[in-house]
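Chemist: Have a look at this one.
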Amino acid sequence: MNKDSYYTIVDYPIEFFYDRQEYMAVDELPSNVRVEIHGNGWDLLRKYFRVNVPPFIIELKDPSRQDVILTRNIQRELSDKLLPSQLTSILTDSLKLNIDNLVTRKIKVQVDTTPSTLGKNIRLASSIKVDPEYVTVKGPTSVLQRLGGSFSVRLEDEKINKNYSKLLPIKAPKELSDFLTLQEDNVLVEFEVVEFLEGNKRLRLKKVNFPDRVDIDPDISSVIMTYLVDERHVNDLKEAELEGILNYVNRNRQDSTVNVQLNRRPPYLENITFEPNSLQLKYSERE
């Protein structure tokens with residue numbers, strides 16, 4: 001082992017030195033470079049097993065502009081680092097880097113809701129307010145771009161049936177959490193809701209554009225309208241003059257039926273249906 005004529009291949013440790021307040025590695029950086037060296041057997045053994053082997057430092061002045069390092073450009077400095085062993089060759093051709101500038105951005109917060117967020121027949125009665133509307137996020141440029149200009153906060157509550165005001169924790173998406181830091185820990189989410197009540201109402205039928213020889217069953221003069229009504233407008237519905245309209249122009253020519261339509265549709269009504277929904281047309285013979 002005391003001879004100076006041994007050859008071996010080792011993975012020599014390397015580290016990159018750069019301003020970590022201004023830059024961040026987006027992908028894992030290379031941790032070693034494969035080299036062939038020759039020299040004293042004990043020194044080669046020590047380097048092979050990395051016993052008290054200090055890493056080779058590669059200084060990067062502007063790493064965001066440097067995506068690859070050709071190992072031939074560091075050969076002289078690496079040779080000095082390997083002494084007293086001699087560098088025979090560098091087997092790693094290049095070192096790939098992906099280091100970005102660290103920047104700080106104001107990102108708009110959006111609330112992520114699901115179909116089960118609100119309870120049955122519950123509707124939003126106001127816009128969803130978020131305070132603060134923007135959060136301060138710091139991270140690599142390319143990672144911030146992946147956010148798409150917005151930051152989502154999910155409402156974990158379900159079947160909400162009353163006005164909502166809650167302080168929600170805000171976190172970076174799991175797949176980006178290693179790269180991003182947030183100045184804010186939480187946001188206040190507020191909104192108002194309203195319940196739509198189920199109901200039904202009998203409506204008088206009115207025929208429109210019917211020729212003299214066309215009619216419907218004379219025993220049918222009204223229909224039952226089923227609906228959901230905004231709880232704030234129940235009294236408005238009682239006073240509304242609503243009718244079921246049968247417009248001959250809109251008839252189904254294939255089966256000679258005509259659908260029931262509402263003479264006007266108040267904005268506080270939803271899910272309107274009629275029973276019956278359509279009526280059969282009856283044609284009399286010409287005289």
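Labels used: A, B, ... for chains in the order of the structure tokens, numbers from 1 for residues in each chain, and numbers from 1 for ligands as shown.
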Fewer than 5 positions away in the same chain doesn't count, so skip those; otherwise give me all residues within 12 Å of Lys206 (chain A), counting only C-alpha atoms, as a PyMOL selection string.

Modeler: chain A and resi 215-216+220-223+242-248+259-263

Chemist: Take the selection from the previous step and output its residues with C-alpha atoms, as a PDB file, in the first residue's frame.

Modeler:
ATOM      1  CA  ASP A 215    -107.660  24.118 -27.947  1.00  0.00           C
ATOM      2  CA  ILE A 216    -106.589  22.039 -24.948  1.00  0.00           C
ATOM      3  CA  ILE A 220    -107.463  21.792 -17.416  1.00  0.00           C
ATOM      4  CA  SER A 221    -107.305  25.476 -16.520  1.00  0.00           C
ATOM      5  CA  SER A 222    -104.293  25.560 -14.191  1.00  0.00           C
ATOM      6  CA  VAL A 223    -101.009  23.849 -13.352  1.00  0.00           C
ATOM      7  CA  LEU A 242     -97.603  34.809 -12.281  1.00  0.00           C
ATOM      8  CA  GLU A 243     -99.319  32.806 -15.006  1.00  0.00           C
ATOM      9  CA  GLY A 244     -98.613  29.632 -16.927  1.00  0.00           C
ATOM     10  CA  ILE A 245     -98.322  30.520 -20.601  1.00  0.00           C
ATOM     11  CA  LEU A 246     -99.196  28.146 -23.455  1.00  0.00           C
ATOM     12  CA  ASN A 247     -97.790  29.707 -26.615  1.00  0.00           C
ATOM     13  CA  TYR A 248     -99.013  27.940 -29.725  1.00  0.00           C
ATOM     14  CA  ASN A 259     -94.997  23.235 -22.970  1.00  0.00           C
ATOM     15  CA  VAL A 260     -95.994  25.431 -20.053  1.00  0.00           C
ATOM     16  CA  GLN A 261     -93.893  28.573 -19.626  1.00  0.00           C
ATOM     17  CA  LEU A 262     -93.868  31.230 -16.935  1.00  0.00           C
ATOM     18  CA  ASN A 263     -95.092  34.665 -18.034  1.00  0.00           C
TER      19      ASN A 263
END

Chemist: List as a list in words the protein and nucleic acid residues near Tyr283 (chain A), meaning an atom at most 12 Å away when only C-alpha atoms are counted, but skip any in the same chain fewer than 4 places from it.

Modeler: Phe210, Pro211, Asp212, Arg213, Val214, Asp215, Ile216, Asp217, Ser256 and Thr257 of chain A

Chemist: Export, as a CSV table (one decimal), in the first residue's frame, the selected residues with all heavy atoms.

Modeler:
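File written: result-v7.csv
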chain,number,residue,atom,x,y,z
A,210,PHE,N,-103.2,31.1,-30.1
A,210,PHE,CA,-104.0,29.9,-30.5
A,210,PHE,C,-105.0,30.2,-31.6
A,210,PHE,O,-105.8,31.1,-31.5
A,210,PHE,CB,-104.8,29.3,-29.3
A,210,PHE,CG,-104.0,28.3,-28.5
A,210,PHE,CD1,-102.8,28.7,-27.9
A,210,PHE,CD2,-104.5,27.0,-28.3
A,210,PHE,CE1,-102.1,27.7,-27.1
A,210,PHE,CE2,-103.8,26.1,-27.6
A,210,PHE,CZ,-102.6,26.4,-27.0
A,211,PRO,N,-105.0,29.4,-32.7
A,211,PRO,CA,-106.0,29.6,-33.7
A,211,PRO,C,-107.4,29.2,-33.2
A,211,PRO,O,-107.5,28.4,-32.2
A,211,PRO,CB,-105.5,28.6,-34.8
A,211,PRO,CG,-104.1,28.3,-34.6
A,211,PRO,CD,-104.0,28.4,-33.1
A,212,ASP,N,-108.4,29.6,-33.9
A,212,ASP,CA,-109.8,29.3,-33.3
A,212,ASP,C,-110.0,27.8,-33.3
A,212,ASP,O,-110.8,27.4,-32.4
A,212,ASP,CB,-110.8,30.0,-34.3
A,212,ASP,CG,-110.8,31.5,-34.2
A,212,ASP,OD1,-110.2,32.0,-33.2
A,212,ASP,OD2,-111.2,32.1,-35.1
A,213,ARG,N,-109.5,27.0,-34.2
A,213,ARG,CA,-109.8,25.6,-34.2
A,213,ARG,C,-108.9,24.8,-33.3
A,213,ARG,O,-109.0,23.5,-33.3
A,213,ARG,CB,-109.7,25.1,-35.6
A,213,ARG,CG,-108.3,25.1,-36.2
A,213,ARG,CD,-108.3,24.7,-37.7
A,213,ARG,NE,-107.0,24.5,-38.2
A,213,ARG,CZ,-106.3,23.3,-38.2
A,213,ARG,NH1,-106.9,22.3,-37.6
A,213,ARG,NH2,-105.1,23.3,-38.7
A,214,VAL,N,-108.0,25.4,-32.5
A,214,VAL,CA,-107.1,24.6,-31.7
A,214,VAL,C,-107.4,25.0,-30.2
A,214,VAL,O,-107.6,26.1,-29.9
A,214,VAL,CB,-105.6,25.0,-32.0
A,214,VAL,CG1,-104.7,24.1,-31.1
A,214,VAL,CG2,-105.3,24.7,-33.4
A,215,ASP,N,-107.4,23.9,-29.4
A,215,ASP,CA,-107.7,24.1,-27.9
A,215,ASP,C,-106.9,23.1,-27.1
A,215,ASP,O,-106.2,22.2,-27.7
A,215,ASP,CB,-109.2,24.0,-27.7
A,215,ASP,CG,-109.6,24.8,-26.5
A,215,ASP,OD1,-108.7,25.2,-25.7
A,215,ASP,OD2,-110.8,25.1,-26.3
A,216,ILE,N,-107.1,23.1,-25.8
A,216,ILE,CA,-106.6,22.0,-24.9
A,216,ILE,C,-107.8,21.4,-24.2
A,216,ILE,O,-108.9,21.9,-24.4
A,216,ILE,CB,-105.6,22.6,-23.9
A,216,ILE,CG1,-106.2,23.7,-23.1
A,216,ILE,CG2,-104.3,23.1,-24.7
A,216,ILE,CD1,-105.4,24.2,-21.9
A,217,ASP,N,-107.5,20.5,-23.4
A,217,ASP,CA,-108.6,19.8,-22.6
A,217,ASP,C,-109.3,20.9,-21.8
A,217,ASP,O,-108.7,21.6,-21.0
A,217,ASP,CB,-108.0,18.8,-21.7
A,217,ASP,CG,-109.0,17.9,-21.0
A,217,ASP,OD1,-110.1,18.5,-20.7
A,217,ASP,OD2,-108.7,16.8,-20.6
A,256,SER,N,-97.7,17.2,-31.2
A,256,SER,CA,-98.8,18.2,-31.0
A,256,SER,C,-99.0,18.5,-29.5
A,256,SER,O,-100.1,18.3,-29.0
A,256,SER,CB,-100.1,17.6,-31.6
A,256,SER,OG,-100.0,17.5,-33.0
A,257,THR,N,-98.0,18.8,-28.9
A,257,THR,CA,-98.0,19.3,-27.5
A,257,THR,C,-97.4,20.7,-27.4
A,257,THR,O,-96.7,21.1,-28.3
A,257,THR,CB,-97.3,18.3,-26.5
A,257,THR,OG1,-95.9,18.3,-26.9
A,257,THR,CG2,-97.9,16.9,-26.6

Chemist: Distance CA of Leu118 (chain A)-CA of Glu192 (chain A), one decimal place?

Modeler: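 Distance between the two atoms: 11.1 Å.
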
Chemist: Could you give me, as a list in words, the residues within 6 Å of region 185-189 of chain A, counting only C-alpha atoms and dropping anything in the same chain fewer than 6 positions from it?

Modeler: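 Residues near the query, excluding close chain neighbours: Lys129, Val130, Asp131, Ser165, Lys166, Leu167, Leu168, Pro169 and Ile170 of chain A.
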
Chemist: Using N, CA, C and O atoms, can you export the residues from the last selection as a short mmCIF file (atom, residue, chain, number, x, y, z; two decimals), in the first residue's frame?

Modeler:
data_model
loop_
_atom_site.label_atom_id
_atom_site.label_comp_id
_atom_site.auth_asym_id
_atom_site.auth_seq_id
_atom_site.Cartn_x
_atom_site.Cartn_y
_atom_site.Cartn_z
N LYS A 129 -65.00 37.12 0.22
CA LYS A 129 -63.98 38.12 0.55
C LYS A 129 -62.79 37.45 1.24
O LYS A 129 -62.98 36.61 2.12
N VAL A 130 -61.59 37.84 0.83
CA VAL A 130 -60.36 37.29 1.42
C VAL A 130 -59.51 38.46 1.91
O VAL A 130 -59.29 39.43 1.19
N ASP A 131 -59.05 38.37 3.15
CA ASP A 131 -58.21 39.41 3.73
C ASP A 131 -56.99 38.76 4.40
O ASP A 131 -57.14 37.98 5.34
N SER A 165 -67.32 33.20 8.41
CA SER A 165 -66.18 34.07 8.72
C SER A 165 -65.17 33.23 9.49
O SER A 165 -65.43 32.83 10.64
N LYS A 166 -64.03 32.96 8.85
CA LYS A 166 -63.08 32.05 9.47
C LYS A 166 -61.66 32.38 9.04
O LYS A 166 -61.41 32.74 7.90
N LEU A 167 -60.73 32.27 9.99
CA LEU A 167 -59.32 32.45 9.73
C LEU A 167 -58.75 31.11 9.28
O LEU A 167 -58.79 30.13 10.04
N LEU A 168 -58.24 31.06 8.05
CA LEU A 168 -57.76 29.79 7.50
C LEU A 168 -56.25 29.83 7.33
O LEU A 168 -55.69 30.83 6.87
N PRO A 169 -55.58 28.73 7.69
CA PRO A 169 -54.12 28.67 7.47
C PRO A 169 -53.82 28.64 5.98
O PRO A 169 -54.57 28.07 5.19
N ILE A 170 -52.74 29.27 5.60
CA ILE A 170 -52.34 29.30 4.20
C ILE A 170 -50.96 28.66 4.08
O ILE A 170 -50.04 29.01 4.80
#

Chemist: Quick one: residues within 8 Å of Lys106 (chain A), only C-alpha atoms counted, chain neighbours fewer than 6 positions away excluded, as a PyMOL selection string?

Modeler: chain A and resi 134-137

Chemist: Can you write out the residues you just picked, keeping all heavy atoms, as a compact mmCIF listing (two decimals), in the first residue's frame?

Modeler:
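Output saved as selection_26.txt:
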# COMPACT_ATOMS: atom_id res chain seq x y z
N TYR A 134 -53.96 39.59 -1.20
CA TYR A 134 -52.71 39.11 -1.77
C TYR A 134 -51.79 38.67 -0.64
O TYR A 134 -51.79 39.26 0.44
CB TYR A 134 -52.01 40.21 -2.58
CG TYR A 134 -52.74 40.58 -3.85
CD1 TYR A 134 -53.80 41.50 -3.83
CD2 TYR A 134 -52.38 40.03 -5.08
CE1 TYR A 134 -54.47 41.84 -5.00
CE2 TYR A 134 -53.04 40.38 -6.24
CZ TYR A 134 -54.07 41.28 -6.20
OH TYR A 134 -54.74 41.62 -7.35
N VAL A 135 -51.00 37.62 -0.90
CA VAL A 135 -49.99 37.18 0.07
C VAL A 135 -48.61 37.35 -0.54
O VAL A 135 -48.45 37.34 -1.76
CB VAL A 135 -50.21 35.70 0.48
CG1 VAL A 135 -51.49 35.56 1.28
CG2 VAL A 135 -50.22 34.79 -0.73
N THR A 136 -47.63 37.52 0.33
CA THR A 136 -46.25 37.73 -0.10
C THR A 136 -45.53 36.40 -0.11
O THR A 136 -45.42 35.73 0.92
CB THR A 136 -45.53 38.72 0.83
OG1 THR A 136 -46.28 39.93 0.91
CG2 THR A 136 -44.14 39.02 0.33
N VAL A 137 -45.04 36.02 -1.29
CA VAL A 137 -44.39 34.72 -1.47
C VAL A 137 -42.97 34.95 -2.00
O VAL A 137 -42.77 35.73 -2.92
CB VAL A 137 -45.17 33.83 -2.45
CG1 VAL A 137 -44.54 32.44 -2.53
CG2 VAL A 137 -46.64 33.72 -2.04

Chemist: Rounded to one decimal place, report the CA of Asp27 (chain A)-CA of Arg72 (chain A) distance in Å.

Modeler: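 A separation of 22.8 Å between them.
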
Chemist: Taking only C-alpha atoms into account, name the residue in A:Asn163, A:Asn209, A:Thr92, A:Gln86 that is nearest to Val193 (chain A).

Modeler: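 When distances to Val193 (chain A) are compared using only C-alpha atoms, the smallest one comes from A:Asn163.
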
Chemist: Rank nothing, just name the residue among A:Arg20, A:Asn40, A:Leu144, A:Lys120 nearest to Thr181 (chain A), using only C-alpha atoms.

Modeler: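 So, comparing all the options, the nearest one is A:Leu144.
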
Chemist: Could you tell me, as a ChimeraX atom specification, which residues of region 125-176 of chain A DSSP assigns to alpha helix (DSSP H) when given the backbone?

Modeler: /A:141-146

Chemist: I need the chosen residues saved as a CSV table (one decimal), in the first residue's frame, with all heavy atoms.

Modeler:
chain,number,residue,atom,x,y,z
A,141,THR,N,-37.7,32.0,-9.3
A,141,THR,CA,-38.6,32.6,-10.4
A,141,THR,C,-39.4,31.5,-11.1
A,141,THR,O,-40.6,31.6,-11.2
A,141,THR,CB,-37.7,33.3,-11.4
A,141,THR,OG1,-36.9,34.3,-10.8
A,141,THR,CG2,-38.6,33.9,-12.5
A,142,SER,N,-38.8,30.4,-11.5
A,142,SER,CA,-39.5,29.3,-12.2
A,142,SER,C,-40.6,28.7,-11.4
A,142,SER,O,-41.6,28.3,-11.9
A,142,SER,CB,-38.5,28.3,-12.7
A,142,SER,OG,-37.9,27.6,-11.7
A,143,VAL,N,-40.4,28.6,-10.1
A,143,VAL,CA,-41.4,27.9,-9.2
A,143,VAL,C,-42.6,28.9,-9.0
A,143,VAL,O,-43.7,28.4,-9.0
A,143,VAL,CB,-40.7,27.6,-7.8
A,143,VAL,CG1,-41.8,27.0,-6.9
A,143,VAL,CG2,-39.6,26.5,-8.0
A,144,LEU,N,-42.3,30.2,-8.8
A,144,LEU,CA,-43.4,31.1,-8.7
A,144,LEU,C,-44.3,31.1,-10.0
A,144,LEU,O,-45.5,31.3,-9.9
A,144,LEU,CB,-42.9,32.5,-8.4
A,144,LEU,CG,-42.3,32.7,-7.0
A,144,LEU,CD1,-41.7,34.1,-6.9
A,144,LEU,CD2,-43.4,32.6,-6.0
A,145,GLN,N,-43.6,31.0,-11.1
A,145,GLN,CA,-44.4,30.9,-12.4
A,145,GLN,C,-45.3,29.7,-12.4
A,145,GLN,O,-46.4,29.8,-13.0
A,145,GLN,CB,-43.4,30.9,-13.5
A,145,GLN,CG,-42.7,32.2,-13.8
A,145,GLN,CD,-41.6,32.1,-14.9
A,145,GLN,OE1,-41.3,31.0,-15.3
A,145,GLN,NE2,-41.1,33.2,-15.4
A,146,ARG,N,-45.0,28.7,-11.7
A,146,ARG,CA,-45.8,27.5,-11.7
A,146,ARG,C,-47.1,27.7,-10.9
A,146,ARG,O,-48.1,26.9,-11.0
A,146,ARG,CB,-45.1,26.3,-11.1
A,146,ARG,CG,-44.0,25.8,-12.1
A,146,ARG,CD,-43.0,24.8,-11.4
A,146,ARG,NE,-43.6,23.7,-10.8
A,146,ARG,CZ,-43.0,22.7,-10.1
A,146,ARG,NH1,-41.7,22.9,-9.9
A,146,ARG,NH2,-43.6,21.7,-9.7

Chemist: Which residues come within 8 Å of Ser152 (chain A), counting only C-alpha atoms, excluding same-chain residues fewer than 3 positions away, as a PyMOL selection string?

Modeler: chain A and resi 109-112

Chemist: Could those selected residues go to a file with C-alpha atoms, as a PDB file, in the first residue's frame?

Modeler:
ATOM      1  CA  VAL A 109     -55.461  34.439  -3.046  1.00  0.00           C
ATOM      2  CA  GLN A 110     -58.335  32.428  -4.488  1.00  0.00           C
ATOM      3  CA  VAL A 111     -60.732  30.304  -2.470  1.00  0.00           C
ATOM      4  CA  ASP A 112     -61.098  26.723  -3.669  1.00  0.00           C
TER       5      ASP A 112
END

Chemist: If we count only C-alpha atoms, what is near region 78-82 of chain A at a cut-off of 10 Å, once residues fewer than 3 positions away on the same chain are taken out, given as a PyMOL selection string?

Modeler: chain A and resi 12+14+33+35+37-38+43-44+47+53-58+71-75+85-90

Chemist: Identify all residues of region 79-203 of chain A in strand (DSSP E) (DSSP on the backbone) and supply them as an MDAnalysis selection string.

Modeler: chainID A and resid 86:90 94:96 99:112 122:124 129:131 134:140 150:154 164:169 181:182 186:191 193:203

Chemist: Could you check which of A:Ser94, A:Thr117, A:Gln21, A:Asn200 is closest to Leu269 (chain A), using only C-alpha atoms?

Modeler: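 Smallest distance to Leu269 (chain A) is found for A:Asn200.
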
Chemist: Please determine, counting only C-alpha atoms, which residue among A:Ile224, A:Lys207, A:Met24, A:Lys201 has the shortest atom-to-atom distance to Ala240 (chain A).

Modeler: A:Lys201

Chemist: When you draw a straight line from CA of Glu198 (chain A) to CA of Ser278 (chain A), how long is it in Å?

Modeler: 21.8 Å
